[in-house]
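*Asks:* For reference, the structure I am asking about is given below.
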Amino acid sequence: MKKKVLKCLKAIRKNVVEYIITNRLFISYVIFALLGTMLVRKFTVGSFFSFKPFITDLGLILIIGGLGYFIKPKHQFKYYFIWLIIFTLMNIINSIYYTFYTSFASFGELGTVGQAETVTGSIFERIRFVDLMYIAFPVLFYLIHKKLLSSSYYYFIDKIEKGKKMLVTTVLVGALCLGYSFGVATSTDYSRLAKQWHRGYIVERFGILLYQFNDLVQFLTLQTGSLFGYDDALLAFNEYFDAKEKPEDNEYTGILQGKNIVFVHMESMQTFLMDLEFNGVEVTPNLNELASEGMFFSNFYPQVSTGTSSDTEFTLLTGLMPAASGAVFTSYYDREYFTLPKYLGNLGYYTFSMHGNYSSMWNRNRAHPSLGYEGMYFEETYNYTDEDVVNLGINDRLFFSQIIPIMENIENTYENYMGYVITLSNHSPFSIGSRYSTLDLTSYYNVVDEVTGEVTEMAQDYLSDTAVGEYIKSANYADMALGDFINYINESDAFDDTVFVFFGDHDAKLSRSEINYLYNLNPETGEEYVEGDPNYVEYDYYAHELNKNTPLIIWTKDPELRSTFSGEVDYVTGMYNVAATILNMYGLYNKYTMGADIFSVRDDNMVIYPNGNVLTNKIYYNNSTGEYKLLTDEVLDEEYINSLSGISEQILDISNSIIVYDLLDSVDMNGE
């Protein structure tokens with residue numbers, strides 16, 4: 001018996017050694033491809049080895065590689081090398097993309113590639129070494145090929161390889177791997193794979209390769225058959241809105257009738273800046289003054305996806321969520337949407353947008369007319385030189401000085417108007433805007449001589465050259481420009497009947513570690529305080545997510561309205577609440593919006609994020625993990641918590657169906 005076992009083990013060993021010797025190129029391909037997928041998970045979602053995504057990636061790599069046995073051995077290198085190049089590009093793109101969006105790239109975003117030209121500096125500033133290390137795998141594979149080529153490997157393999165047998169065996173093993181992965185998948189796994197909106201979850205569960213192939217299939221399905229799934233989408237749409245009831249009037253209903261309104265879109269301006277000061281100087285003194293004079297929404301959260309600033313414009317004006325794949329402004333701009341400019345335009349308001357960049361940026365030259373703007377004042381409207389450019393266009397201070405006379409002329413020409421003003425200077429890379437700030441981030445501290453007891457004041461500036469320091473100084477410059485604008489408004493004879501809505505469009509896209517450095521900086525050493533130190537500030541995942549709120553301020557110099565628009569509103573509010581809230585102030589109602597008037601829902605409001613997460617006044621719920629953080633001492637029952645995922649997915653599905661299938665084209669904008 002012992003001899004039989006030894007003989008069997010010897011035979012297995014022989015077969016394994018023989019397989020390795022005769023399949024060195026294929027094995028190299030599998031190892032490098034698999035390592036790439038593992039590393040991209042490691043440096044994005046943080047899991048280097050997790051069995052389920054590992055086995056799924058392995059299955060796909062084996063199936064793709066197995067097809068290479070169709071080819072003669074001397075030509076197999078080209079086939080495997082091409083696939084490694086594809087995998088490498090996929091890994092690099094997703095690694096860089098995740099740095100910006102905390103998500104994964106989609107074929108639906110191909111329409112946004114044109115925006116890269118204007119944000120090249122921002123991209124290069126954020127590229128890390130780990131984003132490019134994947135290039136090593138095809139290089140190493142090529143060197144292995146050259147080594148094998150210099151030997152008699154290909155000649156030898158050409159004589160003995162049984163291609164059909166190897167193909168069938170390899171593909172079968174790959175299929176078994178996929179069979180296991182799908183066999184143990186839950187209904188939630190299948191649902192999220194089908195909907196594709198929670199990309200991080202899919203990569204964590206099924207791996208980067210299946211995510212990307214699935215995304216390609218869904219992209220092609222939408223491109224080749226826009227009616228695919230239309231009936232189901234329309235049924236869900238009708239059921240949802242048929243059950244929706246119009247809210248009762250509240251104290252703000254109709255308060256803005258006959259008044260003009262201007263939205264000021266403040267690039268990358270976050271609320272935490274308003275609490276910062278250095279050496280007695282506030283980072284955002286003008287924004288702070290606006291908040292004290294107007295109605296300040298202190299828990300206001302953007303809901304952007306890959307369209308960033310353009311997503312904010314879309315969501316604010318429509319009350320819909322961003323598209324699940326791609327950006328509305330580039331991929332779905334030609335649909336029917338019920339927007340603030342259209343509603344106010346129907347009341348005779350002149351509607352316009354202003355932006356100091358090219359009209360082609362985010363396809364605004366097509367998207368803005370579709371949203372209902374009559375007038376558009378882009379880069380060609382203004383007088384400036386190359387020296388006046390900060391980041392993506394004309395600097396905010398010069399921009400504000402030139403739009404004031406245009407706005408005054410609009411007021412003199414039209415009885416009523418609605419405007420949308422987009423700032424630019426606080427766009428990344430923040431190193432550019434920070435150069436124009438005079439804010440001193442130096443930390444001063446005392447050092448006591450142990451012998452003489454003499455006290456010496458020391459100064460260190462560890463912040464200015466960091467990502468968060470550059471952001472703080474860039475925002476300070478943007479705030480100075482904002483102060484100019486407010487002065488122009490106050491000094492002008494116009495705008496007495498105008499309400500201004502100032503809001504941050506999205507967070508600065510700084511990582512948790514970058515902002516953690518601000519909160520835990522030891523000014524004496526430049527190191528971070530660690531847990532256990534009395535100065536340590538805990539800044540975990542939830543703290544970082546909750547810190548992404550941006551200012552929303554309703555302000556006017558109209559003395560009658562100023563008493564109404566005052567004080568702090570601490571209800572959790574999302575970007576998709578703005579349209580319904582402002583429409584109610586005009587006595588208008590849009591049934592087909594996902595966000596409610598904040599003063600109708602108040603504490604019961606839910607902010608749904610494009611990744612499925614949910615924020616209320618009581619809880620921050622992570623829809624990917626099912627984990628959450630309670631924000632009050634109130635004990636929440638499991639039924640309430642478990643319902644959040646279903647509500648989130650329904651909102652996202654309905655909103656995305658409106659966009660993809662153009663469902664508003666068949667309903668009346670003023671119908672209830």
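For the structure tokens, the naming scheme is as follows: chains receive sequential letters (A, B, ...) according to their order of presentation, residues are indexed from 1 within each chain, and ligands are indexed from 1 in presentation order.
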For Leu344 in chain A, work out the shell of residues within 10 Å, counting only C-alpha atoms and skipping chain neighbours fewer than 2 positions away, then give it as a ChimeraX atom specification.
*Replies:* /A:260-261,339-342,346-351,372,416-418,583,586,588
*Asks:* Looking only at strand (DSSP E or B) from DSSP on the backbone, list the matching residues of range 240-383 of chain A as a count of residues only.
*Replies:* 25
*Asks:* With a distance cut-off of 9 Å and only C-alpha atoms, select the neighbouring residues of Tyr592 in chain A, excluding the residue or stretch itself and same-chain residues fewer than 4 positions from it, and output the selection as a list in words.
*Replies:* Phe241, Thr318, Gly319, Leu320, Phe338, Leu664, Met669 and Glu672 of chain A
*Asks:* Can I get the selection written as a short mmCIF file (atom, residue, chain, number, x, y, z; two decimals), in the first residue's frame, with C-alpha atoms?
*Replies:*
data_model
loop_
_atom_site.label_atom_id
_atom_site.label_comp_id
_atom_site.auth_asym_id
_atom_site.auth_seq_id
_atom_site.Cartn_x
_atom_site.Cartn_y
_atom_site.Cartn_z
CA PHE A 241 -44.78 58.37 -8.90
CA THR A 318 -33.55 68.52 -11.62
CA GLY A 319 -33.66 66.80 -8.23
CA LEU A 320 -32.51 63.59 -9.96
CA PHE A 338 -37.81 69.09 -15.70
CA LEU A 664 -40.03 62.28 -18.71
CA MET A 669 -44.08 68.79 -16.64
CA GLU A 672 -49.47 66.32 -10.55
#
*Asks:* I'd like the neighbourhood of range 378-387 of chain A as a ChimeraX atom specification, where a residue qualifies if any of its atoms comes within 8 Å (using only C-alpha atoms), though same-chain residues fewer than 2 positions away should be ignored.
*Replies:* /A:354-359,376,389,393-394,399,402
*Asks:* For each of A:Tyr180, A:Tyr462, A:Tyr155, A:Phe100, take the minimum atom-to-atom distance to Thr306 in chain A, counting only C-alpha atoms, then give the residue where this is smallest.
*Replies:*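 Smallest distance to Thr306 in chain A is found for A:Phe100.
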*Asks:* Using only C-alpha atoms, find each residue in range 452-553 of chain A having at least one atom no more than 6 Å away from range 276-299 of chain A; report its shortest atom-to-atom pair and that distance in Å (one decimal), rows by chain then rising number, as JSON lines.
*Replies:*
{"residue": "A:Asn476", "atom": "CA", "partner": "A:Val283", "partner_atom": "CA", "distance": 5.3}
{"residue": "A:Asp479", "atom": "CA", "partner": "A:Thr284", "partner_atom": "CA", "distance": 5.5}
{"residue": "A:Gly483", "atom": "CA", "partner": "A:Asn286", "partner_atom": "CA", "distance": 5.3}
{"residue": "A:Leu552", "atom": "CA", "partner": "A:Phe297", "partner_atom": "CA", "distance": 5.2}
{"residue": "A:Ile553", "atom": "CA", "partner": "A:Phe296", "partner_atom": "CA", "distance": 4.6}
*Asks:* Using DSSP on the backbone, list every residue of range 390-463 of chain A that comes out as alpha helix (DSSP H), and give them as a PyMOL selection string.
*Replies:* chain A and resi 396-413+430-434
*Asks:* Do a neighbour search on Asp505 in chain A at 8 Å with only C-alpha atoms, toss out local chain neighbours closer than 3 positions, and write the hits as an MDAnalysis selection string.
*Replies:* chainID A and resid 265:269 302 308:309 312 550
*Asks:* Put those residues in a file: N, CA and C atoms, as a JSON list (two decimals), in the first residue's frame.
*Replies:*
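The new file result-v2.json reads:
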[["chain", "number", "residue", "atom", "x", "y", "z"],
["A", 265, "HIS", "N", -22.16, 78.68, -7.79],
["A", 265, "HIS", "CA", -21.59, 77.33, -7.71],
["A", 265, "HIS", "C", -20.11, 77.47, -7.31],
["A", 266, "MET", "N", -19.78, 77.17, -6.06],
["A", 266, "MET", "CA", -18.44, 77.38, -5.52],
["A", 266, "MET", "C", -17.63, 76.09, -5.64],
["A", 267, "GLU", "N", -16.63, 76.12, -6.49],
["A", 267, "GLU", "CA", -15.84, 74.93, -6.79],
["A", 267, "GLU", "C", -15.13, 74.38, -5.55],
["A", 268, "SER", "N", -15.39, 73.10, -5.24],
["A", 268, "SER", "CA", -14.66, 72.33, -4.22],
["A", 268, "SER", "C", -14.63, 72.98, -2.84],
["A", 269, "MET", "N", -15.62, 73.74, -2.50],
["A", 269, "MET", "CA", -15.63, 74.45, -1.21],
["A", 269, "MET", "C", -16.33, 73.60, -0.15],
["A", 302, "PRO", "N", -23.35, 67.15, -1.17],
["A", 302, "PRO", "CA", -23.44, 66.88, -2.61],
["A", 302, "PRO", "C", -23.65, 65.39, -2.86],
["A", 308, "THR", "N", -18.74, 64.83, -11.49],
["A", 308, "THR", "CA", -18.33, 65.85, -10.52],
["A", 308, "THR", "C", -19.16, 67.14, -10.65],
["A", 309, "SER", "N", -18.52, 68.24, -11.09],
["A", 309, "SER", "CA", -19.22, 69.52, -11.12],
["A", 309, "SER", "C", -20.47, 69.47, -11.98],
["A", 312, "THR", "N", -23.31, 67.94, -10.15],
["A", 312, "THR", "CA", -23.92, 68.89, -9.22],
["A", 312, "THR", "C", -24.92, 69.78, -9.94],
["A", 550, "THR", "N", -20.69, 70.41, 2.20],
["A", 550, "THR", "CA", -20.30, 71.69, 1.62],
["A", 550, "THR", "C", -21.30, 72.76, 2.06]]
*Asks:* Compare A:Glu411, A:Glu470, A:Asp275, A:Glu454 by their minimum atom-to-atom distance to Ser492 in chain A, counting only C-alpha atoms, and give me the closest one.
*Replies:*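 Nearest candidate to Ser492 in chain A out of A:Glu411, A:Glu470, A:Asp275, A:Glu454: A:Glu411.
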*Asks:* Env of Pro405 in chain A: 12 Å cut, atoms = only C-alpha atoms, seq-sep filter 2 positions within chain, self excluded. Answer as an NGL selection string.
*Replies:* :A and (382 or 399-403 or 407-412 or 485 or 488-489 or 492-495)
*Asks:* Would you save the residues from that selection as a short mmCIF file (atom, residue, chain, number, x, y, z; two decimals), in the first residue's frame, using N, CA and C atoms?
*Replies:*
data_model
loop_
_atom_site.label_atom_id
_atom_site.label_comp_id
_atom_site.auth_asym_id
_atom_site.auth_seq_id
_atom_site.Cartn_x
_atom_site.Cartn_y
_atom_site.Cartn_z
N TYR A 382 -15.41 87.13 -21.91
CA TYR A 382 -14.61 87.94 -21.00
C TYR A 382 -13.29 88.38 -21.62
N PHE A 399 -13.18 87.31 -12.99
CA PHE A 399 -14.47 86.79 -13.45
C PHE A 399 -15.63 87.53 -12.78
N PHE A 400 -15.58 87.65 -11.46
CA PHE A 400 -16.66 88.33 -10.74
C PHE A 400 -16.76 89.81 -11.16
N SER A 401 -15.61 90.44 -11.36
CA SER A 401 -15.64 91.86 -11.72
C SER A 401 -16.28 92.08 -13.09
N GLN A 402 -16.16 91.08 -13.98
CA GLN A 402 -16.70 91.24 -15.33
C GLN A 402 -18.15 90.77 -15.47
N ILE A 403 -18.60 89.89 -14.58
CA ILE A 403 -20.00 89.45 -14.72
C ILE A 403 -20.98 90.43 -14.09
N MET A 407 -24.68 91.19 -15.41
CA MET A 407 -25.86 90.90 -14.59
C MET A 407 -26.70 92.16 -14.39
N GLU A 408 -26.05 93.31 -14.22
CA GLU A 408 -26.80 94.57 -14.07
C GLU A 408 -27.58 94.88 -15.34
N ASN A 409 -26.96 94.61 -16.48
CA ASN A 409 -27.65 94.83 -17.76
C ASN A 409 -28.84 93.88 -17.91
N ILE A 410 -28.66 92.63 -17.45
CA ILE A 410 -29.76 91.67 -17.49
C ILE A 410 -30.93 92.17 -16.65
N GLU A 411 -30.62 92.72 -15.46
CA GLU A 411 -31.68 93.21 -14.60
C GLU A 411 -32.41 94.40 -15.23
N ASN A 412 -31.66 95.24 -15.94
CA ASN A 412 -32.28 96.40 -16.59
C ASN A 412 -33.10 96.01 -17.82
N PHE A 485 -17.04 89.73 -4.81
CA PHE A 485 -18.36 89.61 -5.43
C PHE A 485 -19.45 90.17 -4.51
N TYR A 488 -19.35 93.88 -4.58
CA TYR A 488 -19.96 94.41 -5.81
C TYR A 488 -21.48 94.41 -5.69
N ILE A 489 -22.03 93.33 -5.16
CA ILE A 489 -23.48 93.20 -5.02
C ILE A 489 -24.02 94.29 -4.08
N SER A 492 -23.80 97.81 -5.66
CA SER A 492 -24.59 98.03 -6.87
C SER A 492 -25.99 98.54 -6.55
N ASP A 493 -26.54 99.30 -7.48
CA ASP A 493 -27.92 99.75 -7.34
C ASP A 493 -28.90 98.65 -7.73
N ALA A 494 -28.38 97.58 -8.31
CA ALA A 494 -29.23 96.46 -8.73
C ALA A 494 -29.30 95.41 -7.62
N PHE A 495 -30.03 94.35 -7.89
CA PHE A 495 -30.09 93.15 -7.05
C PHE A 495 -30.88 93.31 -5.75
#
*Asks:* Expressed in Å to a single decimal, how great is the separation between CA of Ile582 in chain A and CA of Ala481 in chain A?
*Replies:*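 Computing the Euclidean distance for CA of Ile582 in chain A and CA of Ala481 in chain A yields 25.9 Å.
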*Asks:* Find the residues near Phe49 in chain A: any atom within 10 Å, counting only C-alpha atoms, skip ones fewer than 2 places away on the same chain, and give them as JSON, numbers by chain.
*Replies:* {"A": [35, 37, 38, 39, 41, 42, 46, 47, 51, 52, 53, 54]}
*Asks:* To one decimal in Å, tell me the separation between CA of Gly254 in chain A and CA of Phe300 in chain A.
*Replies:*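 Going from CA of Gly254 in chain A over to CA of Phe300 in chain A covers 22.7 Å.
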*Asks:* If I take CA of Ser95 in chain A and CA of Asp131 in chain A, how far is one from the other in Å, to one decimal?
*Replies:*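 For CA of Ser95 in chain A relative to CA of Asp131 in chain A, the distance reads 5.5 Å.
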*Asks:* For each of A:Leu317, A:Leu521, A:Leu25, A:Met585, take the minimum atom-to-atom distance to Asp461 in chain A, counting only C-alpha atoms, then give the residue where this is smallest.
*Replies:*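 Of the candidates, the smallest distance to Asp461 in chain A is held by A:Leu521.
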